[in-house]
Amino acid sequence: MDDTTERKTRQALVDASRHLHDTGLVTGTSGNLSVRIGDQVLVTPSGVSYQTLEPADIARVTLDGDVLDAGATSPSSETPLHLGIYRTTDAEAIVHTHAPWATALGLVRDELPSVHYSILLLGGPVRVAPYATFGTQELADNVRHAMLDRKAALMRNHGAVASGATLAEAVHNAESVEWLACLYLRAAHVAEPATLTSEQLEDVWRRATASGYRP
């Protein structure tokens, strides 16, 4: 990657990290973000507060996990998770959060169902990946499988992951997961939430495509 692209991407990761902290989707040093540029990945470091994170703190690794620049400390412990998704999807950016509503839903459901048509932007109902210890290849494999043909997944007893063609899209998708999880759990306090059928979602997609509307 050229110096200008790397510098801009590092700053974008810092800005996105602080945004997620300010909106409550991450706290302290939880969660992590990354951007793929060619065959390399810039990823937030392990154990550095989002409030003090600086561009120079961002780590740089290859898609095989070789560390080219350790950043402030070392690449995030969840780097294998990010790399697994990059190797098996067309994602260009990934956001992992410990967002409270999404994390709570992952404790009680096997998927986040289609309670609103905006879930189409995530590829459909969001699967919950089975639990595995953080930072392990097992967790990376579980999440990778859950995200096949999807732009998001929940992680049992852990959090959520979202991807996108850009960092801004990945952040937006992470926020959408949290909004949808909140919507579902609030409705579930009253009764079992109604969900949209595949036929209804297909109709929304056809109408949105025809009109240029983004759900």
# chains A, B, ... in the order shown; residues from 1 in each chain; ligands from 1
>>> select_by_dssp(residues="region 6-79 of chain A", states="strand (DSSP E or B)", output="list of chain:residue names")
A:Asn32, A:Leu33, A:Ser34, A:Val35, A:Arg36, A:Ile37, A:Gln40, A:Val41, A:Leu42, A:Val43, A:Pro45, A:Ala59, A:Arg60, A:Val61, A:Thr62, A:Val67, A:Leu68, A:Asp69, A:Pro75
>>> residues_around(residues="Ala104 (chain A)", least_positions_apart="2", cutoff="10 Å", atoms="only C-alpha atoms", output="tab-separated table (two decimals) with N, CA and C atoms, in the first residue's frame")
chain	number	residue	atom	x	y	z
A	98	HIS	N	-18.74	-5.08	21.12
A	98	HIS	CA	-19.40	-5.73	22.25
A	98	HIS	C	-20.69	-4.96	22.55
A	99	ALA	N	-21.38	-4.55	21.49
A	99	ALA	CA	-22.60	-3.76	21.61
A	99	ALA	C	-23.61	-4.47	22.51
A	100	PRO	N	-24.21	-3.76	23.47
A	100	PRO	CA	-25.02	-4.44	24.50
A	100	PRO	C	-26.26	-5.16	23.98
A	101	TRP	N	-27.03	-4.56	23.09
A	101	TRP	CA	-28.25	-5.22	22.62
A	101	TRP	C	-27.91	-6.44	21.76
A	102	ALA	N	-26.95	-6.28	20.87
A	102	ALA	CA	-26.56	-7.40	20.01
A	102	ALA	C	-25.96	-8.54	20.83
A	106	GLY	N	-27.56	-12.42	21.35
A	106	GLY	CA	-26.77	-13.61	21.09
A	106	GLY	C	-26.76	-14.61	22.23
A	107	LEU	N	-27.22	-14.19	23.40
A	107	LEU	CA	-27.32	-15.10	24.55
A	107	LEU	C	-28.57	-15.96	24.50
A	108	VAL	N	-29.59	-15.51	23.76
A	108	VAL	CA	-30.89	-16.17	23.86
A	108	VAL	C	-31.46	-16.63	22.52
A	109	ARG	N	-30.81	-16.29	21.42
A	109	ARG	CA	-31.31	-16.67	20.10
A	109	ARG	C	-30.22	-17.32	19.28
A	154	LEU	N	-23.60	-12.55	14.89
A	154	LEU	CA	-23.48	-12.40	16.34
A	154	LEU	C	-22.58	-13.52	16.84
A	156	ARG	N	-21.92	-15.90	20.17
A	156	ARG	CA	-22.51	-16.35	21.43
A	156	ARG	C	-21.64	-15.92	22.62
A	157	ASN	N	-22.29	-15.27	23.61
A	157	ASN	CA	-21.61	-14.83	24.84
A	157	ASN	C	-20.41	-13.93	24.57
A	158	HIS	N	-20.50	-13.13	23.51
A	158	HIS	CA	-19.32	-12.33	23.15
A	158	HIS	C	-19.67	-10.97	22.55
A	159	GLY	N	-20.26	-10.93	21.35
A	159	GLY	CA	-20.51	-9.64	20.72
A	159	GLY	C	-21.03	-9.80	19.30
A	181	ALA	N	-31.22	-5.56	16.84
A	181	ALA	CA	-31.24	-6.37	18.07
A	181	ALA	C	-32.06	-5.67	19.15
A	182	CYS	N	-31.88	-4.36	19.26
A	182	CYS	CA	-32.65	-3.58	20.24
A	182	CYS	C	-34.15	-3.65	19.91
A	185	LEU	N	-35.50	-7.20	20.86
A	185	LEU	CA	-35.58	-7.48	22.30
A	185	LEU	C	-36.63	-6.62	22.98
>>> residues_around(residues="region 146-151 of chain A", least_positions_apart="5", cutoff="7 Å", atoms="only C-alpha atoms", output="ChimeraX atom specification")
/A:122-124,127-129,162-164
>>> closest_residue(among="A:Gly28, A:Pro125, A:Gly135, A:Pro113", to="Leu53 (chain A)", atoms="only C-alpha atoms")
A:Gly28
>>> residues_around(residues="Ser76 (chain A)", least_positions_apart="6", cutoff="9 Å", atoms="only C-alpha atoms", output="PyMOL selection string")
chain A and resi 31-33+43-47+59+135
>>> write_last_selection(atoms="N, CA, C and O atoms", output="PDB file, in the first residue's frame")
ATOM      1  N   GLY A  31     -13.540  -4.859  21.561  1.00  0.00           N
ATOM      2  CA  GLY A  31     -13.814  -4.736  20.133  1.00  0.00           C
ATOM      3  C   GLY A  31     -12.556  -4.420  19.344  1.00  0.00           C
ATOM      4  O   GLY A  31     -11.489  -4.156  19.904  1.00  0.00           O
ATOM      5  N   ASN A  32     -12.697  -4.421  18.022  1.00  0.00           N
ATOM      6  CA  ASN A  32     -11.579  -4.123  17.140  1.00  0.00           C
ATOM      7  C   ASN A  32     -12.078  -3.848  15.730  1.00  0.00           C
ATOM      8  O   ASN A  32     -13.181  -4.257  15.368  1.00  0.00           O
ATOM      9  N   LEU A  33     -11.263  -3.140  14.950  1.00  0.00           N
ATOM     10  CA  LEU A  33     -11.621  -2.753  13.598  1.00  0.00           C
ATOM     11  C   LEU A  33     -10.442  -3.026  12.679  1.00  0.00           C
ATOM     12  O   LEU A  33      -9.287  -2.992  13.104  1.00  0.00           O
ATOM     13  N   VAL A  43      -5.104  -3.135  11.316  1.00  0.00           N
ATOM     14  CA  VAL A  43      -6.010  -3.569  12.374  1.00  0.00           C
ATOM     15  C   VAL A  43      -5.659  -2.841  13.670  1.00  0.00           C
ATOM     16  O   VAL A  43      -4.488  -2.558  13.950  1.00  0.00           O
ATOM     17  N   THR A  44      -6.689  -2.526  14.451  1.00  0.00           N
ATOM     18  CA  THR A  44      -6.455  -1.840  15.717  1.00  0.00           C
ATOM     19  C   THR A  44      -5.641  -2.728  16.655  1.00  0.00           C
ATOM     20  O   THR A  44      -5.707  -3.951  16.582  1.00  0.00           O
ATOM     21  N   PRO A  45      -4.871  -2.109  17.552  1.00  0.00           N
ATOM     22  CA  PRO A  45      -3.976  -2.876  18.423  1.00  0.00           C
ATOM     23  C   PRO A  45      -4.690  -3.479  19.622  1.00  0.00           C
ATOM     24  O   PRO A  45      -5.840  -3.145  19.917  1.00  0.00           O
ATOM     25  N   SER A  46      -4.000  -4.340  20.310  1.00  0.00           N
ATOM     26  CA  SER A  46      -4.528  -4.977  21.511  1.00  0.00           C
ATOM     27  C   SER A  46      -4.295  -4.080  22.721  1.00  0.00           C
ATOM     28  O   SER A  46      -3.205  -3.542  22.913  1.00  0.00           O
ATOM     29  N   GLY A  47      -5.344  -3.914  23.533  1.00  0.00           N
ATOM     30  CA  GLY A  47      -5.189  -3.273  24.828  1.00  0.00           C
ATOM     31  C   GLY A  47      -4.971  -1.779  24.836  1.00  0.00           C
ATOM     32  O   GLY A  47      -4.453  -1.245  25.814  1.00  0.00           O
ATOM     33  N   ALA A  59      -1.802  -1.537  13.862  1.00  0.00           N
ATOM     34  CA  ALA A  59      -0.896  -2.587  13.400  1.00  0.00           C
ATOM     35  C   ALA A  59      -1.139  -2.901  11.926  1.00  0.00           C
ATOM     36  O   ALA A  59      -2.214  -2.617  11.378  1.00  0.00           O
ATOM     37  N   GLY A 135      -9.936 -14.902  20.438  1.00  0.00           N
ATOM     38  CA  GLY A 135      -8.593 -14.996  19.887  1.00  0.00           C
ATOM     39  C   GLY A 135      -8.208 -16.348  19.330  1.00  0.00           C
ATOM     40  O   GLY A 135      -7.103 -16.511  18.804  1.00  0.00           O
TER      41      GLY A 135
END
>>> residues_around(residues="region 84-91 of chain A", least_positions_apart="3", cutoff="12 Å", atoms="only C-alpha atoms", output="MDAnalysis selection string")
chainID A and resid 34:41 62:65 78:81 94:96 135:153 161:167 169:170
>>> residues_around(residues="Val14 (chain A)", least_positions_apart="6", cutoff="8 Å", atoms="only C-alpha atoms", output="ChimeraX atom specification")
/A:50,53-55
>>> atom_distance(atom1="CA of Val26 (chain A)", atom2="CA of Thr97 (chain A)")
5.6 Å
>>> select_by_dssp(residues="region 39-189 of chain A", states="alpha helix (DSSP H)", output="NGL selection string")
:A and (79-88 or 100-108 or 137-146 or 167-188)
>>> write_last_selection(atoms="C-alpha atoms", output="short mmCIF file (atom, residue, chain, number, x, y, z; two decimals), in the first residue's frame")
data_model
loop_
_atom_site.label_atom_id
_atom_site.label_comp_id
_atom_site.auth_asym_id
_atom_site.auth_seq_id
_atom_site.Cartn_x
_atom_site.Cartn_y
_atom_site.Cartn_z
CA THR A 79 -6.82 -10.65 14.15
CA PRO A 80 -7.35 -14.33 13.10
CA LEU A 81 -11.10 -13.65 13.03
CA HIS A 82 -10.62 -10.67 10.71
CA LEU A 83 -8.23 -12.51 8.43
CA GLY A 84 -10.54 -15.52 8.13
CA ILE A 85 -13.39 -13.30 6.97
CA TYR A 86 -11.16 -11.50 4.47
CA ARG A 87 -9.95 -14.77 3.00
CA THR A 88 -13.46 -16.14 2.43
CA PRO A 100 -25.02 -4.44 24.50
CA TRP A 101 -28.25 -5.22 22.62
CA ALA A 102 -26.56 -7.40 20.01
CA THR A 103 -24.55 -9.22 22.67
CA ALA A 104 -27.70 -9.79 24.75
CA LEU A 105 -29.62 -11.20 21.80
CA GLY A 106 -26.77 -13.61 21.09
CA LEU A 107 -27.32 -15.10 24.55
CA VAL A 108 -30.89 -16.17 23.86
CA GLN A 137 -8.88 -20.21 15.49
CA GLU A 138 -12.06 -21.99 16.57
CA LEU A 139 -13.80 -18.68 17.10
CA ALA A 140 -12.47 -17.36 13.79
CA ASP A 141 -13.82 -20.44 11.99
CA ASN A 142 -17.21 -20.20 13.72
CA VAL A 143 -17.65 -16.57 12.74
CA ARG A 144 -16.39 -17.13 9.21
CA HIS A 145 -19.04 -19.82 8.66
CA ALA A 146 -21.75 -17.62 10.16
CA LEU A 167 -15.01 1.12 6.66
CA ALA A 168 -17.97 3.50 6.72
CA GLU A 169 -20.25 0.70 5.49
CA ALA A 170 -18.89 -1.74 8.06
CA VAL A 171 -19.56 0.79 10.84
CA HIS A 172 -23.06 1.41 9.48
CA ASN A 173 -23.73 -2.33 9.39
CA ALA A 174 -22.52 -2.70 12.98
CA GLU A 175 -24.91 0.06 14.02
CA SER A 176 -27.73 -1.60 12.06
CA VAL A 177 -27.16 -4.90 13.87
CA GLU A 178 -27.39 -3.11 17.21
CA TRP A 179 -30.59 -1.25 16.18
CA LEU A 180 -32.23 -4.45 14.93
CA ALA A 181 -31.24 -6.37 18.07
CA CYS A 182 -32.65 -3.58 20.24
CA LEU A 183 -35.88 -3.57 18.20
CA TYR A 184 -36.27 -7.32 18.56
CA LEU A 185 -35.58 -7.48 22.30
CA ARG A 186 -37.86 -4.55 23.12
CA ALA A 187 -40.71 -6.10 21.15
CA ALA A 188 -40.05 -9.48 22.77
#
>>> atom_distance(atom1="CA of Leu112 (chain A)", atom2="CA of Thr195 (chain A)")
10.1 Å
